[in-house]
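File shown: work19.pdb (PDB, C-alpha atoms and all ligand atoms).
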```pdb
ATOM      1  CA  MET B   9      48.315 -24.490  56.455
ATOM      2  CA  ALA B  10      47.092 -24.684  52.883
ATOM      3  CA  ALA B  11      43.882 -22.970  51.828
ATOM      4  CA  GLU B  12      41.785 -25.220  49.564
ATOM      5  CA  GLN B  13      39.296 -23.959  47.024
ATOM      6  CA  THR B  14      36.310 -25.535  48.774
ATOM      7  CA  LEU B  15      37.530 -24.733  52.258
ATOM      8  CA  VAL B  16      39.292 -21.706  53.663
ATOM      9  CA  LEU B  17      41.289 -22.234  56.830
ATOM     10  CA  ARG B  18      42.545 -19.502  59.127
ATOM     11  CA  GLU B  19      44.477 -20.044  62.301
ATOM     12  CA  ASP B  20      44.930 -17.171  64.737
ATOM     13  CA  GLN B  21      47.805 -16.735  67.169
ATOM     14  CA  SER B  22      45.628 -17.597  70.164
ATOM     15  CA  GLY B  23      44.893 -21.208  69.142
ATOM     16  CA  THR B  24      41.524 -20.843  67.421
ATOM     17  CA  CYS B  25      41.207 -22.263  63.931
ATOM     18  CA  LEU B  26      38.377 -21.183  61.625
ATOM     19  CA  LEU B  27      37.250 -23.466  58.782
ATOM     20  CA  THR B  28      34.994 -21.804  56.217
ATOM     21  CA  ILE B  29      33.138 -24.029  53.753
ATOM     22  CA  ASN B  30      33.437 -22.167  50.488
ATOM     23  CA  ARG B  31      30.774 -23.018  47.859
ATOM     24  CA  PRO B  32      28.483 -20.001  48.310
ATOM     25  CA  ASP B  33      26.924 -20.334  44.819
ATOM     26  CA  LYS B  34      25.522 -23.736  45.940
ATOM     27  CA  LEU B  35      24.775 -22.491  49.464
ATOM     28  CA  ASN B  36      27.855 -24.444  50.640
ATOM     29  CA  ALA B  37      26.153 -27.800  49.901
ATOM     30  CA  LEU B  38      28.343 -30.744  50.897
ATOM     31  CA  ASN B  39      29.565 -32.652  47.862
ATOM     32  CA  ARG B  40      32.077 -35.508  47.940
ATOM     33  CA  GLU B  41      35.055 -33.176  47.431
ATOM     34  CA  THR B  42      34.041 -30.831  50.262
ATOM     35  CA  ILE B  43      33.657 -33.778  52.640
ATOM     36  CA  GLN B  44      37.094 -35.132  51.657
ATOM     37  CA  VAL B  45      38.764 -31.742  52.101
ATOM     38  CA  LEU B  46      37.036 -31.196  55.447
ATOM     39  CA  ASN B  47      38.232 -34.629  56.559
ATOM     40  CA  GLN B  48      41.845 -33.880  55.628
ATOM     41  CA  THR B  49      41.872 -30.377  57.085
ATOM     42  CA  LEU B  50      40.170 -31.381  60.323
ATOM     43  CA  THR B  51      42.502 -34.338  60.778
ATOM     44  CA  GLN B  52      45.447 -31.980  60.349
ATOM     45  CA  ALA B  53      43.979 -29.385  62.744
ATOM     46  CA  LEU B  54      43.275 -32.038  65.372
ATOM     47  CA  SER B  55      46.886 -33.151  65.389
ATOM     48  CA  ASP B  56      48.285 -29.594  65.575
ATOM     49  CA  LYS B  57      49.063 -28.924  69.237
ATOM     50  CA  ASP B  58      48.821 -25.154  68.772
ATOM     51  CA  ILE B  59      45.132 -25.422  67.804
ATOM     52  CA  ARG B  60      42.843 -25.570  70.845
ATOM     53  CA  VAL B  61      39.354 -24.866  69.447
ATOM     54  CA  ILE B  62      37.963 -25.287  65.930
ATOM     55  CA  LEU B  63      35.177 -23.120  64.499
ATOM     56  CA  ILE B  64      33.297 -24.236  61.372
ATOM     57  CA  THR B  65      31.206 -21.800  59.341
ATOM     58  CA  GLY B  66      29.924 -21.217  55.794
ATOM     59  CA  GLN B  67      31.024 -18.600  53.267
ATOM     60  CA  GLY B  68      28.613 -15.753  52.572
ATOM     61  CA  GLU B  69      25.646 -14.356  54.446
ATOM     62  CA  LYS B  70      23.018 -16.766  53.189
ATOM     63  CA  ALA B  71      24.030 -20.244  54.281
ATOM     64  CA  PHE B  72      26.031 -22.250  56.762
ATOM     65  CA  VAL B  73      25.422 -25.399  54.675
ATOM     66  CA  ALA B  74      22.144 -26.091  52.792
ATOM     67  CA  GLY B  75      22.601 -29.853  52.962
ATOM     68  CA  ALA B  76      24.212 -32.663  51.035
ATOM     69  CA  ASP B  77      24.601 -31.873  47.327
ATOM     70  CA  ILE B  78      21.317 -33.096  45.853
ATOM     71  CA  ALA B  79      22.573 -32.910  42.240
ATOM     72  CA  GLU B  80      25.398 -35.295  43.103
ATOM     73  CA  PHE B  81      23.220 -38.124  44.453
ATOM     74  CA  ALA B  82      19.901 -37.747  42.581
ATOM     75  CA  HIS B  83      20.765 -40.648  40.210
ATOM     76  CA  PHE B  84      22.158 -43.004  42.885
ATOM     77  CA  ASP B  85      20.787 -46.513  43.503
ATOM     78  CA  ALA B  86      20.228 -48.047  46.972
ATOM     79  CA  ALA B  87      23.790 -49.380  47.341
ATOM     80  CA  GLN B  88      25.284 -46.023  46.361
ATOM     81  CA  GLY B  89      22.889 -44.220  48.714
ATOM     82  CA  LYS B  90      23.890 -46.470  51.608
ATOM     83  CA  ALA B  91      27.592 -45.911  50.821
ATOM     84  CA  LEU B  92      27.023 -42.140  50.638
ATOM     85  CA  ALA B  93      25.676 -42.078  54.198
ATOM     86  CA  ALA B  94      28.257 -44.540  55.567
ATOM     87  CA  ASP B  95      31.241 -42.760  53.961
ATOM     88  CA  GLY B  96      30.034 -39.292  54.975
ATOM     89  CA  GLN B  97      29.437 -40.358  58.567
ATOM     90  CA  ARG B  98      32.882 -41.960  58.804
ATOM     91  CA  LEU B  99      34.835 -39.218  57.030
ATOM     92  CA  LEU B 100      33.196 -36.158  58.532
ATOM     93  CA  PHE B 101      30.350 -36.455  61.011
ATOM     94  CA  ASP B 102      31.890 -39.087  63.326
ATOM     95  CA  LEU B 103      35.258 -37.334  63.039
ATOM     96  CA  VAL B 104      33.683 -34.072  64.245
ATOM     97  CA  ALA B 105      31.588 -35.680  67.001
ATOM     98  CA  ASN B 106      34.528 -37.667  68.373
ATOM     99  CA  ALA B 107      37.146 -34.944  67.988
ATOM    100  CA  THR B 108      39.376 -34.500  71.029
ATOM    101  CA  LYS B 109      39.243 -30.694  70.745
ATOM    102  CA  PRO B 110      36.027 -28.678  71.037
ATOM    103  CA  ILE B 111      34.417 -27.917  67.679
ATOM    104  CA  ILE B 112      31.881 -25.077  67.504
ATOM    105  CA  ALA B 113      29.496 -24.709  64.557
ATOM    106  CA  VAL B 114      29.032 -21.028  63.702
ATOM    107  CA  ILE B 115      25.675 -21.019  61.911
ATOM    108  CA  ASN B 116      25.584 -17.918  59.726
ATOM    109  CA  GLY B 117      22.447 -18.717  57.661
ATOM    110  CA  TYR B 118      20.588 -21.813  56.416
ATOM    111  CA  ALA B 119      21.660 -25.009  58.210
ATOM    112  CA  LEU B 120      19.570 -27.631  56.464
ATOM    113  CA  GLY B 121      19.852 -31.403  56.102
ATOM    114  CA  GLY B 122      23.553 -32.316  56.153
ATOM    115  CA  GLY B 123      24.277 -28.736  57.233
ATOM    116  CA  LEU B 124      22.271 -29.044  60.429
ATOM    117  CA  GLU B 125      23.699 -32.551  60.849
ATOM    118  CA  LEU B 126      27.221 -31.111  60.660
ATOM    119  CA  ALA B 127      26.300 -28.460  63.229
ATOM    120  CA  MET B 128      24.776 -31.132  65.483
ATOM    121  CA  ALA B 129      27.864 -33.335  65.222
ATOM    122  CA  ALA B 130      29.867 -30.345  66.537
ATOM    123  CA  HIS B 131      30.147 -30.028  70.321
ATOM    124  CA  MET B 132      28.454 -26.616  70.508
ATOM    125  CA  ARG B 133      26.477 -24.373  68.192
ATOM    126  CA  VAL B 134      26.118 -20.599  67.950
ATOM    127  CA  ALA B 135      23.835 -19.006  65.379
ATOM    128  CA  SER B 136      23.063 -15.624  63.887
ATOM    129  CA  THR B 137      19.544 -14.355  64.627
ATOM    130  CA  THR B 138      18.819 -14.676  60.887
ATOM    131  CA  ALA B 139      19.745 -18.386  60.683
ATOM    132  CA  LYS B 140      17.186 -21.030  59.718
ATOM    133  CA  MET B 141      17.464 -24.704  60.562
ATOM    134  CA  GLY B 142      15.746 -27.927  59.598
ATOM    135  CA  LEU B 143      16.009 -31.468  58.262
ATOM    136  CA  PRO B 144      14.000 -31.267  54.994
ATOM    137  CA  GLU B 145      15.047 -34.702  53.626
ATOM    138  CA  THR B 146      11.535 -36.211  53.792
ATOM    139  CA  SER B 147      10.461 -33.561  51.266
ATOM    140  CA  LEU B 148      12.953 -35.226  48.885
ATOM    141  CA  GLY B 149      11.745 -38.786  49.597
ATOM    142  CA  LEU B 150      14.716 -39.367  51.903
ATOM    143  CA  ILE B 151      15.590 -39.393  55.584
ATOM    144  CA  PRO B 152      18.515 -37.625  57.266
ATOM    145  CA  GLY B 153      21.576 -39.825  56.636
ATOM    146  CA  TYR B 154      24.413 -38.020  58.388
ATOM    147  CA  GLY B 155      23.322 -38.655  61.968
ATOM    148  CA  GLY B 156      20.293 -36.349  62.081
ATOM    149  CA  THR B 157      17.789 -38.964  63.243
ATOM    150  CA  GLN B 158      19.942 -39.617  66.309
ATOM    151  CA  ARG B 159      21.532 -36.282  67.185
ATOM    152  CA  LEU B 160      18.414 -34.152  66.737
ATOM    153  CA  ALA B 161      16.428 -36.402  69.086
ATOM    154  CA  GLN B 162      19.274 -36.246  71.625
ATOM    155  CA  LEU B 163      19.432 -32.461  71.495
ATOM    156  CA  ILE B 164      15.758 -31.470  71.453
ATOM    157  CA  GLY B 165      13.841 -34.660  72.410
ATOM    158  CA  LYS B 166      12.029 -37.282  70.330
ATOM    159  CA  GLY B 167       8.711 -35.504  69.800
ATOM    160  CA  ARG B 168      10.192 -32.219  68.617
ATOM    161  CA  ALA B 169      12.774 -34.054  66.483
ATOM    162  CA  LEU B 170      10.134 -36.164  64.765
ATOM    163  CA  GLU B 171       7.968 -33.091  64.180
ATOM    164  CA  LEU B 172      10.855 -31.319  62.416
ATOM    165  CA  ILE B 173      11.783 -34.421  60.406
ATOM    166  CA  CYS B 174       8.212 -35.441  59.482
ATOM    167  CA  THR B 175       7.109 -31.932  58.463
ATOM    168  CA  ALA B 176      10.439 -31.147  56.726
ATOM    169  CA  GLY B 177       9.935 -27.773  58.422
ATOM    170  CA  MET B 178      12.358 -24.991  59.239
ATOM    171  CA  ILE B 179      12.740 -23.156  62.530
ATOM    172  CA  ASP B 180      14.307 -19.773  63.121
ATOM    173  CA  ALA B 181      17.268 -19.073  65.395
ATOM    174  CA  GLN B 182      15.147 -17.825  68.295
ATOM    175  CA  ARG B 183      13.145 -21.076  68.353
ATOM    176  CA  ALA B 184      16.349 -23.132  67.967
ATOM    177  CA  TYR B 185      17.739 -21.327  71.014
ATOM    178  CA  GLU B 186      14.545 -21.867  73.044
ATOM    179  CA  ILE B 187      14.582 -25.641  72.476
ATOM    180  CA  GLY B 188      18.323 -26.067  73.076
ATOM    181  CA  LEU B 189      19.358 -26.736  69.493
ATOM    182  CA  VAL B 190      21.857 -23.860  69.635
ATOM    183  CA  ASN B 191      23.791 -22.605  72.670
ATOM    184  CA  HIS B 192      23.724 -18.882  71.854
ATOM    185  CA  ILE B 193      22.314 -16.524  69.228
ATOM    186  CA  PHE B 194      23.870 -13.234  68.107
ATOM    187  CA  PRO B 195      22.986 -10.524  65.565
ATOM    188  CA  SER B 196      24.796 -11.444  62.299
ATOM    189  CA  GLU B 197      27.414  -8.734  62.671
ATOM    190  CA  GLU B 198      28.339 -10.010  66.157
ATOM    191  CA  LEU B 199      28.260 -13.739  65.365
ATOM    192  CA  MET B 200      31.972 -14.336  64.821
ATOM    193  CA  GLN B 201      32.895 -12.224  67.829
ATOM    194  CA  GLY B 202      30.442 -14.234  69.966
ATOM    195  CA  ALA B 203      31.933 -17.508  68.719
ATOM    196  CA  GLN B 204      35.463 -16.257  69.434
ATOM    197  CA  LYS B 205      34.445 -15.254  72.955
ATOM    198  CA  LEU B 206      33.116 -18.755  73.614
ATOM    199  CA  ALA B 207      36.333 -20.236  72.168
ATOM    200  CA  ASP B 208      38.389 -17.933  74.425
ATOM    201  CA  SER B 209      36.539 -19.148  77.532
ATOM    202  CA  ILE B 210      37.222 -22.750  76.522
ATOM    203  CA  LYS B 211      40.918 -22.069  75.951
ATOM    204  CA  LYS B 212      41.373 -21.143  79.614
ATOM    205  CA  THR B 213      40.846 -24.811  80.523
ATOM    206  CA  ALA B 214      43.153 -27.837  80.262
ATOM    207  CA  PRO B 215      43.391 -29.505  76.821
ATOM    208  CA  THR B 216      43.751 -32.988  78.313
ATOM    209  CA  ALA B 217      40.657 -32.508  80.489
ATOM    210  CA  LEU B 218      38.638 -31.241  77.496
ATOM    211  CA  ALA B 219      39.468 -34.366  75.512
ATOM    212  CA  GLN B 220      38.410 -36.574  78.423
ATOM    213  CA  ALA B 221      35.183 -34.603  78.993
ATOM    214  CA  ILE B 222      34.120 -34.863  75.339
ATOM    215  CA  GLY B 223      34.951 -38.575  75.348
ATOM    216  CA  ALA B 224      32.930 -39.264  78.495
ATOM    217  CA  VAL B 225      29.866 -37.342  77.269
ATOM    218  CA  ASN B 226      30.056 -39.204  73.956
ATOM    219  CA  VAL B 227      30.217 -42.640  75.601
ATOM    220  CA  GLY B 228      27.067 -41.864  77.580
ATOM    221  CA  LEU B 229      25.186 -40.786  74.450
ATOM    222  CA  ASP B 230      26.690 -43.316  72.006
ATOM    223  CA  PRO B 231      24.385 -43.287  68.964
ATOM    224  CA  SER B 232      26.148 -46.033  66.967
ATOM    225  CA  ALA B 233      23.218 -48.521  66.850
ATOM    226  CA  GLY B 234      20.894 -45.770  65.612
ATOM    227  CA  LEU B 235      23.481 -44.477  63.138
ATOM    228  CA  ASN B 236      23.795 -47.940  61.575
ATOM    229  CA  ALA B 237      20.001 -48.205  61.324
ATOM    230  CA  GLU B 238      19.934 -44.738  59.760
ATOM    231  CA  ILE B 239      22.506 -45.725  57.096
ATOM    232  CA  LYS B 240      20.394 -48.776  56.099
ATOM    233  CA  ALA B 241      17.131 -46.814  56.046
ATOM    234  CA  PHE B 242      18.713 -43.941  54.088
ATOM    235  CA  GLY B 243      19.964 -46.413  51.457
ATOM    236  CA  ALA B 244      16.544 -48.075  51.222
ATOM    237  CA  CYS B 245      14.943 -44.723  50.323
ATOM    238  CA  PHE B 246      16.970 -44.610  47.088
ATOM    239  CA  ASP B 247      15.005 -47.622  45.786
ATOM    240  CA  THR B 248      11.713 -45.721  45.879
ATOM    241  CA  GLU B 249       9.748 -43.739  43.300
ATOM    242  CA  ASP B 250       9.227 -41.110  46.020
ATOM    243  CA  PHE B 251      12.999 -40.436  46.104
ATOM    244  CA  LYS B 252      13.202 -40.143  42.311
ATOM    245  CA  GLU B 253      10.271 -37.720  42.249
ATOM    246  CA  GLY B 254      11.478 -35.715  45.281
ATOM    247  CA  THR B 255      15.001 -35.099  43.990
ATOM    248  CA  GLN B 256      13.852 -34.510  40.400
ATOM    249  CA  ALA B 257      11.302 -31.961  41.622
ATOM    250  CA  PHE B 258      14.029 -30.088  43.565
ATOM    251  CA  LEU B 259      16.337 -29.991  40.545
ATOM    252  CA  GLU B 260      13.468 -28.858  38.282
ATOM    253  CA  LYS B 261      12.459 -26.237  40.921
ATOM    254  CA  ARG B 262       8.887 -27.553  41.237
ATOM    255  CA  LYS B 263       6.708 -29.090  43.955
ATOM    256  CA  ALA B 264       6.972 -32.892  44.302
ATOM    257  CA  GLN B 265       3.971 -35.166  43.642
ATOM    258  CA  PHE B 266       4.844 -38.285  45.626
ATOM    259  CA  PRO B 267       3.455 -41.589  44.284
ATOM    260  CA  GLY B 268       3.840 -43.235  47.731
ATOM    261  CA  ARG B 269       5.915 -46.220  46.622
TER     262      ARG B 269
HETATM  263  N1  LIG B 301      22.257 -29.391  46.974
HETATM  264  C1  LIG B 301      22.616 -28.893  45.774
HETATM  265  N2  LIG B 301      22.401 -27.637  45.395
HETATM  266  C2  LIG B 301      21.812 -26.827  46.299
HETATM  267  C3  LIG B 301      21.407 -27.258  47.574
HETATM  268  C4  LIG B 301      21.664 -28.610  47.900
HETATM  269  N3  LIG B 301      21.342 -29.112  49.092
HETATM  270  N4  LIG B 301      20.822 -26.221  48.223
HETATM  271  C5  LIG B 301      20.867 -25.170  47.381
HETATM  272  N5  LIG B 301      21.460 -25.530  46.226
HETATM  273  C6  LIG B 301      21.726 -24.706  45.047
HETATM  274  C7  LIG B 301      20.448 -24.459  44.245
HETATM  275  O1  LIG B 301      20.181 -25.556  43.373
HETATM  276  C8  LIG B 301      20.826 -23.203  43.502
HETATM  277  O2  LIG B 301      21.685 -23.536  42.441
HETATM  278  P1  LIG B 301      21.478 -22.846  40.980
HETATM  279  O3  LIG B 301      21.648 -21.363  41.235
HETATM  280  O4  LIG B 301      22.570 -23.442  40.152
HETATM  281  O5  LIG B 301      20.071 -23.198  40.548
HETATM  282  C9  LIG B 301      21.672 -22.437  44.524
HETATM  283  O6  LIG B 301      22.131 -23.411  45.462
HETATM  284  C10 LIG B 301      20.873 -21.387  45.296
HETATM  285  O7  LIG B 301      19.757 -22.024  45.881
HETATM  286  P2  LIG B 301      18.230 -21.562  45.613
HETATM  287  O8  LIG B 301      17.354 -22.752  45.869
HETATM  288  O9  LIG B 301      18.117 -20.904  44.287
HETATM  289  O10 LIG B 301      18.071 -20.486  46.769
HETATM  290  P3  LIG B 301      16.711 -20.034  47.459
HETATM  291  O11 LIG B 301      17.029 -18.827  48.255
HETATM  292  O12 LIG B 301      15.599 -19.973  46.483
HETATM  293  O13 LIG B 301      16.362 -21.236  48.492
HETATM  294  C11 LIG B 301      16.883 -22.926  50.121
HETATM  295  C12 LIG B 301      17.229 -21.535  49.548
HETATM  296  C13 LIG B 301      17.923 -23.271  51.164
HETATM  297  C14 LIG B 301      15.488 -22.894  50.787
HETATM  298  C15 LIG B 301      16.876 -23.957  48.972
HETATM  299  O14 LIG B 301      18.110 -23.840  48.264
HETATM  300  C16 LIG B 301      16.736 -25.391  49.408
HETATM  301  O15 LIG B 301      15.653 -25.837  49.752
HETATM  302  N6  LIG B 301      17.844 -26.171  49.365
HETATM  303  C17 LIG B 301      17.825 -27.586  49.626
HETATM  304  C18 LIG B 301      17.704 -27.858  51.105
HETATM  305  C19 LIG B 301      17.622 -29.343  51.326
HETATM  306  O16 LIG B 301      16.669 -30.022  50.965
HETATM  307  N7  LIG B 301      18.662 -29.888  51.965
HETATM  308  C20 LIG B 301      18.749 -31.276  52.275
HETATM  309  C21 LIG B 301      19.513 -32.009  51.223
HETATM  310  S1  LIG B 301      19.619 -33.744  51.574
END
```

When written as structure tokens, how does the structure in this file appear?
Amino acid sequence: MAAEQTLVLREDQSGTCLLTINRPDKLNALNRETIQVLNQTLTQALSDKDIRVILITGQGEKAFVAGADIAEFAHFDAAQGKALAADGQRLLFDLVANATKPIIAVINGYALGGGLELAMAAHMRVASTTAKMGLPETSLGLIPGYGGTQRLAQLIGKGRALELICTAGMIDAQRAYEIGLVNHIFPSEELMQGAQKLADSIKKTAPTALAQAIGAVNVGLDPSAGLNAEIKAFGACFDTEDFKEGTQAFLEKRKAQFPGR
């Protein structure tokens, strides 16, 4: 399979495929191109019968994915903001969540905003002990728009999810493990080996049964009503002065002073 500039794909002989998001200078932030390439590569991997389990990670030691690319959307209006969330959910996050093969997020560093949302759309998560996770969108005058409002509450409960979202805080890997946000944690140097071991255990089971199991779990936890509400609310944020100030402050590397309108 082809290796793209923004995404490196490796397939081993045993049926595990590793996708590495490759924009380390921007902490692997998800821009439009990265989402498109991930969509194409994942679609291809899902239809390849030799691939049984897909691992997704980020290039470098610092970040899994530090969120959606703030520079790309800072000038968007409400309609563009709404389309950003809707397109991203359709092209990547729903594709991952509804995949018929197990997808494991291998969280090697910061998983923030869209990065944590990508990890939460995956079926399982493993993290290095140095990883940090959070949904900091409210510090930009936004809300999570790639499924975070729904999937975080499903994984860790409403109160803890709203605390993380409303404080824009970050938690470390140990805490993420304690509250069930990640399945396993490993020292950085053992992370990939740990992920491979989990993939190997999964590959002993029947592919058809795995697809049915994922489908059944997903039907029981169907977040589509909440995801639609999230898309609308995310778009509405783009019409506010708070959003303009929050994103500008990030790009100017200063603290935001929110006007509250
Ligand atoms: N979108 C676009 N660029 C991003 C980014 C994002 N989500 N996250 C990091 N970057 C870029 C930075 O702008 C910087 O680029 P530059 O070198 O051209 O200035 C580069 O990645 C390195 O990030 P930097 O902020 O300098 O690293 P740091 O170690 O000081 O801080 C973080 C690391 C993760 C705490 C910080 O980058 C951050 O807060 N990122 C945004 C997280 C976020 O709000 N995500 C949700 C987006 S909706």

Point to revise | Selection as an MDAnalysis selection string: residues within 6 Å of (22.8, -42.7, 67.9), counting all atoms listed in the file | key: chainID B and resid 158 230:235

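Within the file as shown, the PyMOL selection byres (((chain B and resi 84) around 12) and not hetatm) identifies Ile78, Ala79, Glu80, Phe81, Ala82, His83, Asp85, Ala86, Ala87, Gln88, Gly89, Lys90, Ala91, Leu92, Ala93, Phe242, Gly243, Ala244, Cys245, Phe246, Asp247, Thr248, Phe251, Lys252 and Thr255 of chain B.
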
Exercise for review: Starting from the shown file, work through the PyMOL selection byres (((not hetatm)) within 7 of (chain B and resi 301)) and note down what comes out as a PyMOL selection string.
Suggested key: chain B and resi 33-35+37+74-79+118+120-122+143-145+148+152+259

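Using all atoms listed in the file, the set of residues no farther than 6 Å from the position (23.5, -19.0, 71.0) comprises Val134, Ala135, Val190, Asn191, His192 and Ile193 of chain B.
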
Exercise for review: Pick out the closest residue to Gly96 in chain B from this set: B:Leu206, B:Leu170, B:Ile164, B:Leu126. Count only C-alpha atoms.
Suggested key: B:Leu126

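Atom pair CA of Glu186 in chain B / CA of Ala127 in chain B has a distance of 16.7 Å (rounded to one decimal).
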
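Between CA of Leu54 in chain B and CA of Leu160 in chain B the interatomic distance comes to 25.0 Å.
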
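Remark: for Asn47 in chain B, the closest of the candidate residues B:Ser209, B:Gln97, B:Thr216, B:Gln265 is B:Gln97 (distances computed over all atoms listed in the file).
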
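This file gives the following result for the PyMOL selection byres (((chain B and resi 116) around 10) and not hetatm): Thr65, Gly66, Gln67, Gly68, Glu69, Lys70, Ala71, Phe72, Val73, Ala113, Val114, Ile115, Gly117, Tyr118, Ala119, Val134, Ala135, Ser136, Thr137, Thr138, Ala139, Lys140, Phe194, Pro195, Ser196, Glu197, Leu199 and Met200 of chain B.
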
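Atom pair CA of Gln162 in chain B / CA of Leu26 in chain B has a distance of 26.3 Å (rounded to one decimal).
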
Check your understanding: Closest to Ala217 in chain B among B:Gly254, B:Thr108, B:Gly167, B:Gly268, using all atoms listed in the file?
Key -> B:Thr108

If you take only C-alpha atoms and a cut-off of 12 Å, which residues of range 109-212 of chain B touch range 11-23 of chain B, and what are their nearest atom pairs and distances in Å to one decimal, in chain and number order, as JSON lines?
```
{"residue": "B:Lys109", "atom": "CA", "partner": "B:Gly23", "partner_atom": "CA", "distance": 11.2}
{"residue": "B:Pro110", "atom": "CA", "partner": "B:Gly23", "partner_atom": "CA", "distance": 11.7}
{"residue": "B:Gln204", "atom": "CA", "partner": "B:Ser22", "partner_atom": "CA", "distance": 10.3}
{"residue": "B:Lys205", "atom": "CA", "partner": "B:Ser22", "partner_atom": "CA", "distance": 11.8}
{"residue": "B:Ala207", "atom": "CA", "partner": "B:Gly23", "partner_atom": "CA", "distance": 9.1}
{"residue": "B:Asp208", "atom": "CA", "partner": "B:Ser22", "partner_atom": "CA", "distance": 8.4}
{"residue": "B:Ser209", "atom": "CA", "partner": "B:Ser22", "partner_atom": "CA", "distance": 11.8}
{"residue": "B:Ile210", "atom": "CA", "partner": "B:Gly23", "partner_atom": "CA", "distance": 10.8}
{"residue": "B:Lys211", "atom": "CA", "partner": "B:Gly23", "partner_atom": "CA", "distance": 7.9}
{"residue": "B:Lys212", "atom": "CA", "partner": "B:Ser22", "partner_atom": "CA", "distance": 11.0}
```

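Shortest separation to Ala241 in chain B among B:Thr157, B:Leu172, B:Phe258, B:Ala214 occurs at residue B:Thr157, atoms counted being all atoms listed in the file.
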
Point to revise | Nearest-residue call for Gly142 in chain B, choices B:Met128, B:Ile179, B:Ala169, B:Ile59, using only C-alpha atoms | key: B:Ile179

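Distances to Leu218 in chain B were evaluated for B:His131, B:Arg40, B:Lys261, B:Lys166 using all atoms listed in the file, and the minimum falls at B:His131.
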
Starting from 6 Å padding per side, set up an axis-aligned box that covers all listed atoms of range 164-174 of chain B and hand over centre and edge lengths in Å, one decimal, as lines of an AutoDock Vina configuration file.
```
center_x = 11.9
center_y = -34.3
center_z = 65.9
size_x = 19.8
size_y = 18.0
size_z = 24.9
```
